[in-house]
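Have a look at protein01.csv below; it lists CSV, C-alpha atoms.
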```csv
chain,number,residue,atom,x,y,z
A,1,MET,CA,5.6,20.9,15.7
A,2,ILE,CA,2.7,18.8,16.9
A,3,THR,CA,3.8,15.5,18.4
A,4,MET,CA,2.0,12.5,17.3
A,5,PRO,CA,1.6,9.3,19.4
A,6,GLU,CA,3.5,6.2,18.2
A,7,PRO,CA,1.5,4.4,15.5
A,8,TYR,CA,-0.1,1.1,16.4
A,9,ILE,CA,-0.4,-1.4,13.6
A,10,ARG,CA,-3.4,-3.7,13.6
A,11,ASN,CA,-5.6,-5.7,11.3
A,12,ALA,CA,-8.4,-3.8,9.6
A,13,ARG,CA,-12.0,-4.4,10.7
A,14,ALA,CA,-15.3,-3.6,9.0
A,15,ALA,CA,-15.7,-0.5,11.1
A,16,ASP,CA,-12.6,1.0,9.3
A,17,GLU,CA,-14.6,1.3,6.0
A,18,GLU,CA,-15.3,5.0,6.2
A,19,PRO,CA,-12.0,6.3,7.7
A,20,LEU,CA,-10.1,4.2,5.1
A,21,ALA,CA,-12.2,5.4,2.3
A,22,VAL,CA,-11.8,9.0,3.3
A,23,LEU,CA,-8.0,8.5,3.7
A,24,ASP,CA,-7.8,6.8,0.3
A,25,ARG,CA,-9.6,9.7,-1.4
A,26,ALA,CA,-7.6,12.4,0.5
A,27,THR,CA,-4.2,10.8,-0.4
A,28,TRP,CA,-5.0,10.3,-4.1
A,29,SER,CA,-2.1,11.6,-6.3
A,30,PRO,CA,-0.8,11.1,-9.8
A,31,LEU,CA,2.5,10.4,-8.0
A,32,HIS,CA,1.2,6.9,-7.1
A,33,ALA,CA,-2.2,6.4,-8.7
A,34,VAL,CA,-2.8,4.9,-12.1
A,35,MET,CA,-6.6,5.4,-11.8
A,36,PRO,CA,-8.3,8.7,-12.3
A,37,ALA,CA,-9.1,10.8,-9.2
A,38,PRO,CA,-12.0,9.4,-7.3
A,39,GLN,CA,-15.4,11.1,-7.9
A,40,PRO,CA,-18.8,10.6,-6.3
A,41,PRO,CA,-20.6,8.4,-6.0
A,42,TYR,CA,-17.7,6.6,-4.3
A,43,PRO,CA,-17.6,2.8,-4.4
A,44,PRO,CA,-17.2,0.9,-1.1
A,45,PHE,CA,-13.6,0.7,0.2
A,46,PHE,CA,-14.1,-3.0,1.1
A,47,ASP,CA,-15.6,-5.3,-1.4
A,48,GLU,CA,-15.3,-9.0,-2.5
A,49,ARG,CA,-11.9,-8.5,-4.0
A,50,HIS,CA,-10.7,-6.2,-1.2
A,51,PRO,CA,-11.9,-7.6,2.2
A,52,PRO,CA,-10.7,-6.1,5.5
A,53,GLN,CA,-8.6,-9.2,6.1
A,54,GLN,CA,-6.1,-8.0,3.4
A,55,TYR,CA,-5.4,-4.7,5.2
A,56,LEU,CA,-3.1,-3.6,8.0
A,57,VAL,CA,-4.0,-0.2,9.5
A,58,ALA,CA,-1.8,2.3,11.3
A,59,GLU,CA,-3.6,4.1,14.1
A,60,ALA,CA,-2.5,6.7,16.7
A,61,GLY,CA,-4.6,8.5,19.2
A,62,GLY,CA,-7.7,6.6,18.0
A,63,ARG,CA,-7.2,8.0,14.4
A,64,VAL,CA,-6.5,6.0,11.3
A,65,LEU,CA,-3.2,7.3,9.8
A,66,GLY,CA,-2.5,4.8,7.0
A,67,TYR,CA,-3.0,1.4,5.6
A,68,ILE,CA,-1.2,-1.3,3.6
A,69,ARG,CA,-2.9,-4.0,1.6
A,70,LEU,CA,-1.3,-7.5,1.5
A,71,THR,CA,-2.7,-10.1,-0.9
A,72,HIS,CA,-1.8,-12.9,-3.3
A,73,PRO,CA,-0.8,-11.5,-6.7
A,74,THR,CA,-2.5,-14.4,-8.5
A,75,PRO,CA,-5.0,-17.2,-7.5
A,76,LEU,CA,-2.6,-19.9,-8.8
A,77,ALA,CA,-1.4,-22.6,-6.4
A,78,SER,CA,2.1,-22.4,-8.0
A,79,ASN,CA,2.3,-18.7,-6.9
A,80,ALA,CA,0.8,-19.2,-3.4
A,81,HIS,CA,4.2,-18.7,-1.8
A,82,VAL,CA,4.2,-15.0,-2.9
A,83,LEU,CA,2.4,-12.1,-1.3
A,84,ALA,CA,2.1,-8.6,-2.8
A,85,ILE,CA,1.7,-5.1,-1.5
A,86,GLN,CA,-1.2,-3.8,-3.6
A,87,GLY,CA,-2.3,-0.6,-1.9
A,88,PHE,CA,-0.5,1.7,0.6
A,89,ALA,CA,-1.5,5.2,1.9
A,90,VAL,CA,-0.4,7.4,4.7
A,91,ALA,CA,-2.2,10.6,5.8
A,92,ASP,CA,-0.5,13.8,4.8
A,93,GLU,CA,0.0,14.9,8.4
A,94,ALA,CA,1.6,11.6,9.3
A,95,ARG,CA,4.2,11.5,6.5
A,96,GLY,CA,7.8,11.7,7.5
A,97,ARG,CA,7.0,10.4,11.0
A,98,GLY,CA,7.7,6.7,10.5
A,99,VAL,CA,4.1,5.6,9.8
A,100,GLY,CA,4.8,4.4,6.3
A,101,ARG,CA,7.9,2.5,7.4
A,102,ALA,CA,6.0,0.9,10.3
A,103,LEU,CA,3.4,-0.3,7.8
A,104,VAL,CA,6.0,-1.7,5.4
A,105,ARG,CA,7.7,-3.5,8.2
A,106,ALA,CA,4.4,-4.9,9.5
A,107,ALA,CA,3.6,-6.1,6.0
A,108,VAL,CA,6.9,-7.9,5.8
A,109,GLU,CA,6.3,-9.5,9.2
A,110,GLU,CA,2.8,-10.5,8.3
A,111,ALA,CA,4.0,-12.0,5.0
A,112,ARG,CA,6.5,-14.1,7.0
A,113,ARG,CA,3.8,-15.1,9.5
A,114,ARG,CA,1.7,-16.3,6.6
A,115,GLY,CA,4.5,-18.4,5.3
A,116,ALA,CA,5.3,-16.4,2.2
A,117,ARG,CA,8.8,-16.8,0.7
A,118,ARG,CA,8.6,-13.5,-1.3
A,119,LEU,CA,6.9,-10.2,-1.0
A,120,THR,CA,6.5,-8.1,-4.2
A,121,LEU,CA,5.1,-4.7,-5.2
A,122,ARG,CA,4.8,-2.3,-8.1
A,123,VAL,CA,5.6,1.4,-7.8
A,124,LEU,CA,5.6,4.1,-10.4
A,125,GLY,CA,9.0,5.1,-11.6
A,126,HIS,CA,8.5,8.8,-10.6
A,127,ASN,CA,7.5,8.0,-7.1
A,128,THR,CA,10.9,8.6,-5.6
A,129,PRO,CA,9.9,8.8,-1.9
A,130,ALA,CA,8.2,5.4,-2.1
A,131,ARG,CA,11.0,3.8,-4.0
A,132,ARG,CA,13.5,5.1,-1.4
A,133,LEU,CA,11.4,3.7,1.4
A,134,TYR,CA,11.1,0.3,-0.2
A,135,GLU,CA,14.8,0.1,-1.0
A,136,SER,CA,15.7,1.1,2.6
A,137,GLU,CA,13.6,-1.8,3.8
A,138,GLY,CA,15.5,-4.3,1.5
A,139,PHE,CA,13.3,-4.4,-1.6
A,140,THR,CA,15.2,-4.5,-4.9
A,141,VAL,CA,14.2,-3.6,-8.4
A,142,GLU,CA,13.4,-6.8,-10.3
A,143,GLY,CA,12.1,-5.3,-13.5
A,144,VAL,CA,10.9,-2.2,-15.2
A,145,LEU,CA,8.0,-1.8,-17.6
A,146,PRO,CA,9.1,1.3,-19.5
A,147,GLY,CA,6.3,3.8,-20.2
A,148,GLU,CA,3.6,1.4,-18.9
A,149,PHE,CA,1.2,4.2,-17.9
A,150,LEU,CA,0.2,7.5,-19.3
A,151,ILE,CA,-0.4,9.8,-16.4
A,152,ASP,CA,-1.1,13.6,-16.7
A,153,GLY,CA,0.2,13.5,-20.3
A,154,ALA,CA,3.5,11.7,-19.5
A,155,TYR,CA,4.6,8.1,-19.9
A,156,VAL,CA,5.6,6.6,-16.6
A,157,ASP,CA,7.6,3.4,-15.9
A,158,ASP,CA,6.1,0.7,-13.7
A,159,VAL,CA,8.8,-0.6,-11.4
A,160,CYS,CA,8.5,-4.2,-10.1
A,161,MET,CA,10.3,-4.7,-6.7
A,162,GLY,CA,10.7,-7.7,-4.5
A,163,LEU,CA,12.0,-9.0,-1.2
A,164,ALA,CA,13.0,-12.5,-0.4
A,165,LEU,CA,11.7,-13.6,3.0
```
How does the structure come out when it is put into structure tokens?
Amino acid sequence: MITMPEPYIRNARAADEEPLAVLDRATWSPLHAVMPAPQPPYPPFFDERHPPQQYLVAEAGGRVLGYIRLTHPTPLASNAHVLAIQGFAVADEARGRGVGRALVRAAVEEARRRGARRLTLRVLGHNTPARRLYESEGFTVEGVLPGEFLIDGAYVDDVCMGLAL
């Protein structure tokens, strides 16, 4: 087994555009994606709605191994105390090595640092590995939208999870 250096979690920067775009395309799967598989020409990874400031990046040995996106779920002032995880990917070769857990923990800490009182996320019902990770980090199921998505010919639940900070 190849040993991997401990991941370092940092804020994303504009120079991460290409490695994050490549990672995002490489990790696309119907296990977690509700959009079709990406096809060229690829849109930019960062844009007006998805600026680098919303991302935390896991890096080890100078290589980007994963990211997590933390943003406000709505633009409403009455909802400003809530942050949401809306994007999460870990390179295949880094799975099972604590990179995803480190990113989730970093997102929780960043949400606290920003003064959030709640952190929420949505995960597909059939994504058992992600659901187990979130549950092990204290997230609880707060609601289920049954059959919300049609993915590969099957109806899949959308599971809403949250964590009080």
Restricting the calculation to all atoms listed in the file, which member of A:Ala60, A:Gln54, A:Met161, A:Ile151 is positioned closest to Ala37 of chain A?
->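 Using all atoms listed in the file, Ala37 of chain A sits closest to A:Ile151.
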When distances are computed from all atoms listed in the file, which of A:Ala94, A:Ala12, A:Ala164, A:Ala33 shows the smallest separation from Tyr67 of chain A?
-> A:Ala12
Hey, can you check how far atom CA of His32 of chain A sits from atom CA of Asp47 of chain A?
->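 It comes out at 21.5 Å.
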Quick one: residues within 10 Å of Gly61 of chain A, all atoms listed in the file counted, chain neighbours fewer than 3 positions away excluded, as a list of chain:residue names?
-> A:Met4, A:Pro5, A:Glu6, A:Pro7, A:Tyr8, A:Val64, A:Leu65
Store the residues picked out above, limited to C-alpha atoms, as a PDB file, in the frame of the given file.
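What landed in part_12.pdb:
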```
ATOM      1  CA  MET A   4       2.000  12.500  17.300  1.00  0.00           C
ATOM      2  CA  PRO A   5       1.600   9.300  19.400  1.00  0.00           C
ATOM      3  CA  GLU A   6       3.500   6.200  18.200  1.00  0.00           C
ATOM      4  CA  PRO A   7       1.500   4.400  15.500  1.00  0.00           C
ATOM      5  CA  TYR A   8      -0.100   1.100  16.400  1.00  0.00           C
ATOM      6  CA  VAL A  64      -6.500   6.000  11.300  1.00  0.00           C
ATOM      7  CA  LEU A  65      -3.200   7.300   9.800  1.00  0.00           C
TER       8      LEU A  65
END
```
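Computed from the coordinates, the atom CA of Gln86 of chain A to atom CA of Leu119 of chain A distance equals 10.6 Å.
Take the candidates A:Gly100, A:Arg49, A:Leu121, A:Ala89 and check each one against Pro75 of chain A using all atoms listed in the file; the shortest distance goes to A:Arg49.
In terms of minimum interatomic distance to Ala15 of chain A, A:Phe46 ranks closest within A:Ala58, A:Val123, A:Arg132, A:Phe46, counting only C-alpha atoms.
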Pick the closest to Val108 of chain A from A:Ala91, A:Leu133, A:Arg122, A:Leu165: which is it, counting all atoms listed in the file?
->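 Using all atoms listed in the file, the shortest distance to Val108 of chain A belongs to A:Leu165.
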Please indicate the distance in Å from atom CA of Ile9 of chain A to atom CA of Ala102 of chain A, rounded to one decimal place.
-> 7.6 Å
Which of A:Thr71, A:Asn79, A:Pro30, A:Val99 sits closest to Val156 of chain A [using all atoms listed in the file] | A:Pro30
Skipping near chain neighbours, those fewer than 4 positions away, what residues fall within 12 Å of Leu150 of chain A using all atoms listed in the file, listed as a PyMOL selection string?
-> chain A and resi 30-31+33-36+124-125+146+154-158
Please check which residues have atoms at most 10 Å from (9.0, 0.2, -1.1) in the file's coordinates, counting only C-alpha atoms, and write them as a tab-separated table (two decimals) with C-alpha atoms, in the coordinates of the input.
```tsv
chain	number	residue	atom	x	y	z
A	85	ILE	CA	1.70	-5.10	-1.50
A	88	PHE	CA	-0.50	1.70	0.60
A	100	GLY	CA	4.80	4.40	6.30
A	101	ARG	CA	7.90	2.50	7.40
A	104	VAL	CA	6.00	-1.70	5.40
A	120	THR	CA	6.50	-8.10	-4.20
A	121	LEU	CA	5.10	-4.70	-5.20
A	122	ARG	CA	4.80	-2.30	-8.10
A	123	VAL	CA	5.60	1.40	-7.80
A	127	ASN	CA	7.50	8.00	-7.10
A	128	THR	CA	10.90	8.60	-5.60
A	129	PRO	CA	9.90	8.80	-1.90
A	130	ALA	CA	8.20	5.40	-2.10
A	131	ARG	CA	11.00	3.80	-4.00
A	132	ARG	CA	13.50	5.10	-1.40
A	133	LEU	CA	11.40	3.70	1.40
A	134	TYR	CA	11.10	0.30	-0.20
A	135	GLU	CA	14.80	0.10	-1.00
A	136	SER	CA	15.70	1.10	2.60
A	137	GLU	CA	13.60	-1.80	3.80
A	138	GLY	CA	15.50	-4.30	1.50
A	139	PHE	CA	13.30	-4.40	-1.60
A	140	THR	CA	15.20	-4.50	-4.90
A	141	VAL	CA	14.20	-3.60	-8.40
A	161	MET	CA	10.30	-4.70	-6.70
A	162	GLY	CA	10.70	-7.70	-4.50
A	163	LEU	CA	12.00	-9.00	-1.20
```
Which polymer residues have any atom within 8 Å of an atom of Leu70 of chain A, counting only C-alpha atoms, with same-chain residues fewer than 3 positions away left out, as a PyMOL selection string?
-> chain A and resi 54-56+83-87+107+111
Give me the segment 34-105 of chain A side of the contact with segment 114-117 of chain A, cut-off 9 Å, one line per residue showing its nearest atom pair and distance in Å at one decimal, counting all atoms listed in the file, sorted by chain and residue number, as JSON lines.
```
{"residue": "A:Ala80", "atom": "CA", "partner": "A:Ala116", "partner_atom": "CA", "distance": 7.7}
{"residue": "A:His81", "atom": "CA", "partner": "A:Ala116", "partner_atom": "CA", "distance": 4.7}
{"residue": "A:Val82", "atom": "CA", "partner": "A:Ala116", "partner_atom": "CA", "distance": 5.4}
{"residue": "A:Leu83", "atom": "CA", "partner": "A:Ala116", "partner_atom": "CA", "distance": 6.3}
```
